[in-house]
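Read through the structure below, which is laid out as structure tokens, and then see the notes.
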Amino acid sequence: MNDTICAISTAVGVGAISIIRVSGEDSISIVNKIFDKDLTKIESHTINYGHIVENCEIIDEVMVTLMKAPKTFTKEDIIEINCHGGINTTNKVLELILSNGARLAEPGEFTKRAFLNGRIDLTKAEAVNDLLLAETDKKRKF
């Protein structure tokens, strides 16, 4: 678990906003390469306005949430990028993160890291999955 993972956290499709999550010890340095503000100088648990850039070209206007370990879901540094929705823009931002050193997370890997890092127990890990799959209020509350 020394690598840094990323994934689109919102449903794929057309929508106003997409969220891309990055977790791991290199999350801040990876996103710093494509964000126009220096994340190393920003306080933890803050949301920051800026732009995702590639070769001086603005790719998207975004909000970046910075959460430093250990007070995160995975107990690792986490960055969440709120970019404009739509498949092309979201995939472009994800592509930039991947090309700068992260790897695509496997399904459930953020929760797996939370479990392995002692943030949640197995019961809570299973409850996260149940919550994501809940189709009714009754199942959500169970």
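Each chain in the structure tokens gets a letter, A, B, ..., in the order shown, and its residues are numbered from 1; ligands are numbered from 1 in order too.
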
| Could you name the residues that touch segment 71-83 of chain A at 8 Å or less, counting only C-alpha atoms, but leaving out those on the same chain fewer than 6 positions away, as a PyMOL selection string? | chain A and resi 17-28+31+60-65+89-90+110-111+113-115+117+119

| query | DSSP on the backbone: what in segment 32-80 of chain A comes out helix (DSSP H, G or I), as an MDAnalysis selection string? | reply | chainID A and resid 32 39:41

| query | In Å, how far is it from atom CA of Phe35 of chain A to atom CA of Gly50 of chain A? | reply |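 Distance reported for this atom pair: 6.9 Å.
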
| task | Taking the DSSP assignment computed from this structure's backbone, write out as a ChimeraX atom specification all residues of segment 67-107 of chain A that belong to strand (DSSP E). | result | /A:67,78-84,103-104

| said: I want to know what sits within 8 Å of Ile30 of chain A, based on only C-alpha atoms, with residues of the same chain fewer than 3 positions away left out; could you give that as a ChimeraX atom specification? | reply: /A:26-27,33-34,97,100-102

Take the residues just selected and output them with all heavy atoms as a PDB file, in the first residue's frame.
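The resulting file, result-v9.pdb, is shown below:
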ATOM      1  N   ASP A  26       1.768   9.921  -1.969  1.00  0.00           N
ATOM      2  CA  ASP A  26       2.171  10.874  -3.011  1.00  0.00           C
ATOM      3  C   ASP A  26       1.004  11.696  -3.552  1.00  0.00           C
ATOM      4  O   ASP A  26       1.156  12.410  -4.540  1.00  0.00           O
ATOM      5  CB  ASP A  26       2.866  10.138  -4.167  1.00  0.00           C
ATOM      6  CG  ASP A  26       4.190   9.528  -3.746  1.00  0.00           C
ATOM      7  OD1 ASP A  26       4.856  10.109  -2.866  1.00  0.00           O
ATOM      8  OD2 ASP A  26       4.550   8.466  -4.288  1.00  0.00           O
ATOM      9  N   SER A  27      -0.177  11.608  -2.937  1.00  0.00           N
ATOM     10  CA  SER A  27      -1.342  12.322  -3.493  1.00  0.00           C
ATOM     11  C   SER A  27      -1.098  13.810  -3.649  1.00  0.00           C
ATOM     12  O   SER A  27      -1.445  14.383  -4.670  1.00  0.00           O
ATOM     13  CB  SER A  27      -2.604  12.165  -2.675  1.00  0.00           C
ATOM     14  OG  SER A  27      -2.584  11.271  -1.707  1.00  0.00           O
ATOM     15  N   LYS A  33       1.310  18.775  -9.267  1.00  0.00           N
ATOM     16  CA  LYS A  33       1.863  18.896 -10.622  1.00  0.00           C
ATOM     17  C   LYS A  33       0.843  19.428 -11.626  1.00  0.00           C
ATOM     18  O   LYS A  33       1.224  19.938 -12.680  1.00  0.00           O
ATOM     19  CB  LYS A  33       2.384  17.541 -11.105  1.00  0.00           C
ATOM     20  CG  LYS A  33       3.573  17.033 -10.324  1.00  0.00           C
ATOM     21  CD  LYS A  33       3.953  15.636 -10.786  1.00  0.00           C
ATOM     22  CE  LYS A  33       5.037  15.043  -9.914  1.00  0.00           C
ATOM     23  NZ  LYS A  33       5.354  13.652 -10.311  1.00  0.00           N
ATOM     24  N   ILE A  34      -0.455  19.305 -11.291  1.00  0.00           N
ATOM     25  CA  ILE A  34      -1.487  19.712 -12.255  1.00  0.00           C
ATOM     26  C   ILE A  34      -2.416  20.797 -11.720  1.00  0.00           C
ATOM     27  O   ILE A  34      -3.295  21.256 -12.438  1.00  0.00           O
ATOM     28  CB  ILE A  34      -2.317  18.498 -12.737  1.00  0.00           C
ATOM     29  CG1 ILE A  34      -3.066  17.830 -11.577  1.00  0.00           C
ATOM     30  CG2 ILE A  34      -1.420  17.490 -13.465  1.00  0.00           C
ATOM     31  CD1 ILE A  34      -4.080  16.782 -12.010  1.00  0.00           C
ATOM     32  N   ILE A  97      -3.827  12.724 -13.620  1.00  0.00           N
ATOM     33  CA  ILE A  97      -3.411  12.168 -12.326  1.00  0.00           C
ATOM     34  C   ILE A  97      -2.663  10.848 -12.541  1.00  0.00           C
ATOM     35  O   ILE A  97      -1.604  10.617 -11.946  1.00  0.00           O
ATOM     36  CB  ILE A  97      -4.633  11.972 -11.409  1.00  0.00           C
ATOM     37  CG1 ILE A  97      -5.249  13.325 -11.065  1.00  0.00           C
ATOM     38  CG2 ILE A  97      -4.245  11.217 -10.136  1.00  0.00           C
ATOM     39  CD1 ILE A  97      -6.637  13.238 -10.469  1.00  0.00           C
ATOM     40  N   ASN A 100       0.829  11.243 -13.883  1.00  0.00           N
ATOM     41  CA  ASN A 100       1.774  11.860 -12.949  1.00  0.00           C
ATOM     42  C   ASN A 100       2.115  10.958 -11.762  1.00  0.00           C
ATOM     43  O   ASN A 100       2.722  11.410 -10.798  1.00  0.00           O
ATOM     44  CB  ASN A 100       1.243  13.214 -12.483  1.00  0.00           C
ATOM     45  CG  ASN A 100       1.537  14.287 -13.503  1.00  0.00           C
ATOM     46  OD1 ASN A 100       2.668  14.717 -13.655  1.00  0.00           O
ATOM     47  ND2 ASN A 100       0.514  14.700 -14.240  1.00  0.00           N
ATOM     48  N   GLY A 101       1.721   9.678 -11.832  1.00  0.00           N
ATOM     49  CA  GLY A 101       2.230   8.739 -10.850  1.00  0.00           C
ATOM     50  C   GLY A 101       1.227   7.937 -10.048  1.00  0.00           C
ATOM     51  O   GLY A 101       1.626   7.024  -9.319  1.00  0.00           O
ATOM     52  N   ALA A 102      -0.048   8.236 -10.134  1.00  0.00           N
ATOM     53  CA  ALA A 102      -1.036   7.425  -9.416  1.00  0.00           C
ATOM     54  C   ALA A 102      -1.436   6.241 -10.292  1.00  0.00           C
ATOM     55  O   ALA A 102      -1.159   6.216 -11.480  1.00  0.00           O
ATOM     56  CB  ALA A 102      -2.266   8.263  -9.078  1.00  0.00           C
TER      57      ALA A 102
END

| field | Minimum-distance residue to Ile5 of chain A, chosen among A:Glu106, A:Ala134, A:Gly85, A:Asp121 (using only C-alpha atoms) | value |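 Checking each of A:Glu106, A:Ala134, A:Gly85, A:Asp121 against Ile5 of chain A, counting only C-alpha atoms, the winner is A:Glu106.
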
| query | From the set A:Ala127, A:Ala16, A:Leu96, A:Met1, which residue has the shortest atom-to-atom contact distance to Glu54 of chain A, counting only C-alpha atoms? | reply |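 Of A:Ala127, A:Ala16, A:Leu96, A:Met1, the one nearest Glu54 of chain A, counting only C-alpha atoms, is A:Leu96.
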
| For Lys92 of chain A, which residue among A:Ala125, A:Val53, A:Lys68, A:Thr40 is the nearest when counting only C-alpha atoms? |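 Of A:Ala125, A:Val53, A:Lys68, A:Thr40, the one nearest Lys92 of chain A, counting only C-alpha atoms, is A:Val53.
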
| A:Asn129, A:Ser29, A:Asp36, A:Ile47: which is nearest Pro107 of chain A, counting only C-alpha atoms? | A:Asn129
